[in-house]
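Below is one structure, written out as structure tokens; comments come after it.
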Amino acid sequence: MYDYCVIGGGIVGVATAHRILDRHPGASLLLVEKAQALAVHQTGHNSGVIHSGIYYEPGSLKARLCRAGAEQTKDFAAAHDIPFRVCGKLLVATDSAEHARMLALYERSVTNGVEVELLDAAELTRREPRVTGVGALFVPSTGIIDYTRVTTALADAVRAAGGEIVLGAEITAIDENSDGVTVSGPAGSWRAARLVVCGGLQADRLARLAGVGSDLRIVPFRGEYYQLPPERGDLVRTLIYPIPDPELPFLGVHLSPTIDGELTVGPNAVLGLAREGYRKGSVNLRDAREILGFRGFHRVAAANVRTGLREMRNSIFRRGYLAECRRYCPELTVADLLPREAGIRAQAVRADGTLVHDFLIERTPRSVHVLNAPSPAATSALPIAAHIAAQLDD
């Protein structure tokens with residue numbers, strides 16, 4: 001019997017295993033992951049941004065843990081020779097309505113303790129001559145990194161501390177009693193005194209195996225990216241983001257330099273009919289039935305008809321997608337949008353149609369379940385892990 005078991009080999013799960021062993025040297029720990037490699041889903045399919053914490057509701061877990069996570073991620077990367085770059089981010093307002101939201105976002109940044117500069121149109125043009133807008137916020141602490149490399153380094157630390165990692169081990173049953181928790185599946189059965197579940201795209205299903213989170217479902221949203229041609233690599237020096245709509249959990253289509261020297265644009269947000277299907281048109285019948293039969297999704301869809309139709313149109317027609325980018329970078333053309341693999345965001349939705357905006361963690365006597373950890377979970381992974389490890393000791 002292990003002291004601890006962690007389900008999930010994304011960055012949050014591996015960071016949690018690392019923090020547990022750091023907190024309890026010599027403890028026995030097992031991490032199990034369904035895939036044949038670590039970091040293959042949300043961790044390995046994102047923009048690679050080290051977020052600052054500017055967007056999030058003051059006092060929320062996202063606001064607090066993202067801000068701490070940005071610094072801890074940079075420190076961990078520096079200690080393990082993982083390349084990262086602090087390039088800063090510009091949030092660009094393109095009209096008067098966005099400018100008003102920009103000013104509200106500036107006030108939130110002050111409340112959240114995030115350093116931000118308020119720029120007028122002339123200063124925006126001076127800093128990024130090929131970007132246009134009526135004003136912008138500049139967040140100097142935002143950076144870029146490869147989160148798969150961070151996860152690999154965390155996994156190496158777990159193994160070095162005596163932890164075991166088993167890949168290709170899908171969990172289909174969780175049995176908890178007063179003495180411990182047994183997790184099992186086709187690859188085997190394991191027992192531990194304490195369990196942490198960081199299931200990502202499968203978080204709701206794993207939680208229901210343990211009798212947790214019965215009123216919510218994970219609704220997958222495909223985030224479709226494009227890559228710009230190499231000759232466009234110097235188009236911008238910083239990350240370029242639109243001003244987000246506060247009613248939506250998505251940040252909008254942005255220009256993102258990557259740590260590998262590429263320049264990407266995206267993502268949009270289109271309903272996915274396969275939780276782990278990254279190719280366009282992917283459908284998993286079980287996933288599709290659960291989504292379309294879930295009344296919470298029906299309510300979300302009814303409340304966001306126009307947004308949903310626009311995202312679907314932009315997914316089908318590149319010119320619609322391009323129009324989102326040209327609002328702040330007008331020289332882009334359809335020919336600049338080269339194919340790139342999509343990502344899938346695991347968005348928790350309650351039965352009443354409420355989108356869960358903050359990180360959501362629930363407990364049983366012997367287990368902790370991470371039920372909602374979309375962006376900025378990669379940035380926040382180390383403090384999320386510390387938060388979970390502390391809860392295990394309560």
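Quick note on naming: the chains in the structure tokens go A, B, ... in the order shown, residues restart at 1 in each chain, and ligands are numbered from 1 in order of appearance.
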Inset, instruction - Please provide as a PyMOL selection string all residues within 9 Å of Glu170 in chain A, with the sequence filter that same-chain residues fewer than 3 positions apart are discarded (counting only C-alpha atoms). - result: chain A and resi 32-35+167+184-188
Keeping all heavy atoms for every residue in the selection just given, could you write it to a file as a short mmCIF file (atom, residue, chain, number, x, y, z; two decimals), in the first residue's frame?
```cif
data_model
loop_
_atom_site.label_atom_id
_atom_site.label_comp_id
_atom_site.auth_asym_id
_atom_site.auth_seq_id
_atom_site.Cartn_x
_atom_site.Cartn_y
_atom_site.Cartn_z
N VAL A 32 -0.23 7.54 -11.71
CA VAL A 32 -0.70 6.75 -12.84
C VAL A 32 -1.29 7.68 -13.90
O VAL A 32 -1.98 8.65 -13.59
CB VAL A 32 -1.74 5.68 -12.43
CG1 VAL A 32 -1.09 4.63 -11.56
CG2 VAL A 32 -2.93 6.30 -11.72
N GLU A 33 -0.99 7.38 -15.15
CA GLU A 33 -1.44 8.19 -16.28
C GLU A 33 -1.98 7.27 -17.38
O GLU A 33 -1.35 6.25 -17.71
CB GLU A 33 -0.29 9.04 -16.81
CG GLU A 33 -0.45 9.59 -18.21
CD GLU A 33 -1.69 10.46 -18.39
OE1 GLU A 33 -2.06 11.22 -17.47
OE2 GLU A 33 -2.32 10.36 -19.47
N LYS A 34 -3.13 7.61 -17.93
CA LYS A 34 -3.77 6.78 -18.96
C LYS A 34 -2.96 6.71 -20.25
O LYS A 34 -2.87 5.65 -20.89
CB LYS A 34 -5.16 7.32 -19.26
CG LYS A 34 -5.93 6.52 -20.30
CD LYS A 34 -7.31 7.10 -20.55
CE LYS A 34 -7.25 8.42 -21.27
NZ LYS A 34 -8.59 8.88 -21.72
N ALA A 35 -2.37 7.83 -20.66
CA ALA A 35 -1.63 7.88 -21.92
C ALA A 35 -0.27 7.20 -21.78
O ALA A 35 0.17 6.87 -20.68
CB ALA A 35 -1.46 9.33 -22.36
N LEU A 167 2.71 4.56 -16.76
CA LEU A 167 2.00 5.07 -17.93
C LEU A 167 1.14 3.97 -18.54
O LEU A 167 1.31 2.78 -18.26
CB LEU A 167 3.02 5.57 -18.96
CG LEU A 167 3.97 6.67 -18.47
CD1 LEU A 167 5.00 7.00 -19.54
CD2 LEU A 167 3.21 7.92 -18.06
N SER A 184 -8.26 1.17 -9.78
CA SER A 184 -8.00 0.01 -10.62
C SER A 184 -8.48 0.27 -12.04
O SER A 184 -9.29 1.16 -12.32
CB SER A 184 -8.68 -1.23 -10.05
OG SER A 184 -10.08 -1.02 -9.89
N GLY A 185 -7.96 -0.55 -12.95
CA GLY A 185 -8.32 -0.48 -14.36
C GLY A 185 -7.71 -1.66 -15.07
O GLY A 185 -7.17 -2.58 -14.43
N PRO A 186 -7.76 -1.67 -16.39
CA PRO A 186 -7.24 -2.81 -17.15
C PRO A 186 -5.77 -3.12 -16.88
O PRO A 186 -5.34 -4.27 -16.99
CB PRO A 186 -7.45 -2.37 -18.61
CG PRO A 186 -8.56 -1.39 -18.56
CD PRO A 186 -8.40 -0.67 -17.26
N ALA A 187 -4.97 -2.10 -16.53
CA ALA A 187 -3.54 -2.32 -16.33
C ALA A 187 -3.18 -2.81 -14.94
O ALA A 187 -2.04 -3.22 -14.70
CB ALA A 187 -2.76 -1.02 -16.62
N GLY A 188 -4.14 -2.76 -13.99
CA GLY A 188 -3.82 -3.23 -12.65
C GLY A 188 -4.62 -2.52 -11.59
O GLY A 188 -5.51 -1.71 -11.87
#
```
Inset, instruction - Determine which residues of range 69-206 of chain A receive a DSSP assignment of alpha helix (DSSP H), computed from the backbone, and state them as a ChimeraX atom specification. - result: /A:69-79,96-111,121-127,147-160,203-206
Inset, instruction - With a distance cut-off of 8 Å and only C-alpha atoms, select the neighbouring residues of Ala39 in chain A, excluding the residue or stretch itself and same-chain residues fewer than 3 positions from it, and output the selection as a ChimeraX atom specification. - result: /A:9-11,42-44,148,151
Inset, instruction - Taking the DSSP assignment computed from this structure's backbone, write out as a PyMOL selection string all residues of range 194-326 of chain A that belong to strand (DSSP E or B). - result: chain A and resi 194-197+216-223+226-227+239-242+254-257+263-266+270-271+273+283
Would you save the residues of that selection, restricted to N, CA, C and O atoms, as a short mmCIF file (atom, residue, chain, number, x, y, z; two decimals), in the first residue's frame?
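Wrote it out as out-v3.cif, contents follow:
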```cif
data_model
loop_
_atom_site.label_atom_id
_atom_site.label_comp_id
_atom_site.auth_asym_id
_atom_site.auth_seq_id
_atom_site.Cartn_x
_atom_site.Cartn_y
_atom_site.Cartn_z
N ARG A 194 -3.87 7.90 0.67
CA ARG A 194 -4.43 9.17 0.20
C ARG A 194 -4.38 9.19 -1.32
O ARG A 194 -3.42 8.71 -1.93
N LEU A 195 -5.42 9.81 -1.93
CA LEU A 195 -5.52 9.88 -3.39
C LEU A 195 -5.71 11.33 -3.82
O LEU A 195 -6.47 12.08 -3.21
N VAL A 196 -5.04 11.71 -4.90
CA VAL A 196 -5.28 12.99 -5.57
C VAL A 196 -5.61 12.69 -7.02
O VAL A 196 -4.89 11.93 -7.69
N VAL A 197 -6.69 13.29 -7.52
CA VAL A 197 -7.11 13.08 -8.90
C VAL A 197 -7.01 14.40 -9.66
O VAL A 197 -7.72 15.36 -9.35
N LEU A 216 -21.82 18.42 -12.20
CA LEU A 216 -21.13 19.12 -13.29
C LEU A 216 -20.57 18.13 -14.30
O LEU A 216 -20.43 16.93 -14.03
N ARG A 217 -20.28 18.66 -15.48
CA ARG A 217 -19.66 17.88 -16.55
C ARG A 217 -18.55 18.72 -17.16
O ARG A 217 -18.60 19.94 -17.17
N ILE A 218 -17.56 18.02 -17.68
CA ILE A 218 -16.54 18.69 -18.48
C ILE A 218 -17.08 18.83 -19.90
O ILE A 218 -17.46 17.84 -20.54
N VAL A 219 -17.14 20.05 -20.38
CA VAL A 219 -17.51 20.33 -21.77
C VAL A 219 -16.22 20.72 -22.50
O VAL A 219 -15.59 21.72 -22.14
N PRO A 220 -15.80 19.95 -23.49
CA PRO A 220 -14.53 20.26 -24.18
C PRO A 220 -14.73 21.32 -25.25
O PRO A 220 -15.67 21.25 -26.05
N PHE A 221 -13.86 22.30 -25.26
CA PHE A 221 -13.86 23.33 -26.30
C PHE A 221 -12.54 23.22 -27.07
O PHE A 221 -11.46 23.31 -26.49
N ARG A 222 -12.66 23.02 -28.37
CA ARG A 222 -11.48 22.98 -29.23
C ARG A 222 -10.93 24.39 -29.41
O ARG A 222 -11.67 25.32 -29.75
N GLY A 223 -9.65 24.54 -29.18
CA GLY A 223 -8.97 25.79 -29.47
C GLY A 223 -8.10 25.58 -30.69
O GLY A 223 -7.08 24.89 -30.63
N TYR A 226 -3.34 28.55 -35.61
CA TYR A 226 -2.58 28.59 -36.86
C TYR A 226 -1.15 29.01 -36.52
O TYR A 226 -0.88 29.61 -35.48
N GLN A 227 -0.27 28.70 -37.44
CA GLN A 227 1.13 29.10 -37.32
C GLN A 227 1.45 30.05 -38.46
O GLN A 227 1.05 29.81 -39.60
N LEU A 239 3.71 39.28 -26.78
CA LEU A 239 2.42 38.62 -26.95
C LEU A 239 1.36 39.70 -27.19
O LEU A 239 1.35 40.73 -26.50
N ILE A 240 0.47 39.47 -28.14
CA ILE A 240 -0.59 40.43 -28.48
C ILE A 240 -1.94 39.76 -28.23
O ILE A 240 -2.27 38.77 -28.89
N TYR A 241 -2.70 40.29 -27.28
CA TYR A 241 -4.00 39.74 -26.90
C TYR A 241 -5.09 40.79 -27.13
O TYR A 241 -4.85 41.99 -26.97
N PRO A 242 -6.30 40.35 -27.46
CA PRO A 242 -7.44 41.27 -27.44
C PRO A 242 -7.89 41.53 -26.00
O PRO A 242 -7.47 40.83 -25.08
N HIS A 254 -5.13 35.35 -30.06
CA HIS A 254 -3.97 36.19 -29.80
C HIS A 254 -2.76 35.74 -30.62
O HIS A 254 -2.69 34.60 -31.07
N LEU A 255 -1.83 36.66 -30.81
CA LEU A 255 -0.56 36.37 -31.44
C LEU A 255 0.44 35.99 -30.36
O LEU A 255 0.66 36.76 -29.42
N SER A 256 1.05 34.81 -30.50
CA SER A 256 1.91 34.30 -29.44
C SER A 256 3.25 33.84 -30.00
O SER A 256 3.32 32.81 -30.67
N PRO A 257 4.32 34.57 -29.73
CA PRO A 257 5.65 34.00 -29.98
C PRO A 257 5.84 32.78 -29.08
O PRO A 257 5.36 32.76 -27.94
N LEU A 263 5.74 31.78 -34.37
CA LEU A 263 4.71 32.75 -34.04
C LEU A 263 3.37 32.13 -34.37
O LEU A 263 3.11 31.76 -35.52
N THR A 264 2.53 31.95 -33.36
CA THR A 264 1.23 31.31 -33.55
C THR A 264 0.11 32.32 -33.37
O THR A 264 0.30 33.37 -32.75
N VAL A 265 -1.04 31.97 -33.90
CA VAL A 265 -2.23 32.78 -33.72
C VAL A 265 -3.37 31.85 -33.31
O VAL A 265 -3.55 30.77 -33.86
N GLY A 266 -4.12 32.26 -32.28
CA GLY A 266 -5.21 31.43 -31.78
C GLY A 266 -5.25 31.53 -30.25
O GLY A 266 -4.49 32.30 -29.65
N VAL A 270 -14.38 26.40 -30.02
CA VAL A 270 -15.47 25.69 -30.69
C VAL A 270 -15.80 24.44 -29.89
O VAL A 270 -14.89 23.76 -29.40
N LEU A 271 -17.07 24.15 -29.74
CA LEU A 271 -17.46 22.93 -29.04
C LEU A 271 -16.76 21.72 -29.65
O LEU A 271 -16.76 21.53 -30.87
N LEU A 273 -16.50 17.57 -29.92
CA LEU A 273 -17.30 16.36 -29.76
C LEU A 273 -16.44 15.14 -29.46
O LEU A 273 -16.91 14.01 -29.54
N VAL A 283 -14.95 13.00 -33.66
CA VAL A 283 -16.17 12.71 -32.90
C VAL A 283 -15.96 11.43 -32.11
O VAL A 283 -15.54 10.41 -32.66
#
```
Inset, instruction - Compare A:Ala79, A:Val134, A:Ala70, A:Arg126 by their minimum atom-to-atom distance to Ala97 in chain A, counting only C-alpha atoms, and give me the closest one. - result: A:Val134
Within 8 Å of Ile145 in chain A, counting only C-alpha atoms, which residues show up once you throw out same-chain ones fewer than 4 positions away? Write them as a compact mmCIF listing (two decimals) with all heavy atoms, in the first residue's frame, please.
```
# COMPACT_ATOMS: atom_id res chain seq x y z
N GLY A 48 1.76 28.10 -24.31
CA GLY A 48 3.05 28.19 -23.66
C GLY A 48 3.30 29.53 -22.98
O GLY A 48 4.44 29.96 -22.83
N VAL A 49 2.22 30.16 -22.51
CA VAL A 49 2.33 31.48 -21.90
C VAL A 49 2.46 31.35 -20.39
O VAL A 49 1.72 30.59 -19.75
CB VAL A 49 1.11 32.35 -22.26
CG1 VAL A 49 1.17 33.71 -21.55
CG2 VAL A 49 1.01 32.54 -23.77
N ILE A 50 3.38 32.10 -19.81
CA ILE A 50 3.45 32.26 -18.35
C ILE A 50 2.59 33.47 -18.02
O ILE A 50 2.99 34.61 -18.21
CB ILE A 50 4.90 32.48 -17.87
CG1 ILE A 50 5.81 31.34 -18.33
CG2 ILE A 50 4.93 32.59 -16.34
CD1 ILE A 50 7.29 31.57 -18.01
N PRO A 83 14.57 26.68 -20.93
CA PRO A 83 14.51 28.02 -21.53
C PRO A 83 13.14 28.67 -21.29
O PRO A 83 12.10 28.02 -21.39
CB PRO A 83 14.72 27.76 -23.02
CG PRO A 83 15.32 26.40 -23.11
CD PRO A 83 14.79 25.63 -21.94
N PHE A 84 13.16 29.95 -20.98
CA PHE A 84 11.95 30.76 -20.94
C PHE A 84 12.34 32.19 -21.26
O PHE A 84 13.53 32.56 -21.20
CB PHE A 84 11.24 30.67 -19.58
CG PHE A 84 11.94 31.35 -18.45
CD1 PHE A 84 11.60 32.64 -18.06
CD2 PHE A 84 12.96 30.70 -17.74
CE1 PHE A 84 12.26 33.27 -17.00
CE2 PHE A 84 13.62 31.32 -16.69
CZ PHE A 84 13.27 32.61 -16.32
N ARG A 85 11.36 32.99 -21.63
CA ARG A 85 11.65 34.38 -21.98
C ARG A 85 10.52 35.26 -21.47
O ARG A 85 9.35 34.95 -21.68
CB ARG A 85 11.79 34.53 -23.49
CG ARG A 85 12.11 35.96 -23.94
CD ARG A 85 12.72 35.96 -25.34
NE ARG A 85 11.81 35.49 -26.34
CZ ARG A 85 10.97 36.27 -27.04
NH1 ARG A 85 10.92 37.59 -26.78
NH2 ARG A 85 10.19 35.77 -27.97
N THR A 258 6.53 31.76 -29.58
CA THR A 258 6.81 30.58 -28.76
C THR A 258 8.29 30.55 -28.40
O THR A 258 9.12 31.20 -29.04
CB THR A 258 6.43 29.28 -29.49
OG1 THR A 258 7.40 29.03 -30.53
CG2 THR A 258 5.04 29.37 -30.09
N ILE A 259 8.62 29.76 -27.40
CA ILE A 259 10.00 29.68 -26.95
C ILE A 259 10.88 29.02 -28.01
O ILE A 259 12.11 29.18 -28.00
CB ILE A 259 10.08 28.91 -25.60
CG1 ILE A 259 11.41 29.20 -24.89
CG2 ILE A 259 9.84 27.43 -25.81
CD1 ILE A 259 11.61 30.64 -24.50
```
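If you look at CA of Val139 in chain A and CA of Phe359 in chain A, they are 22.6 Å away from each other.
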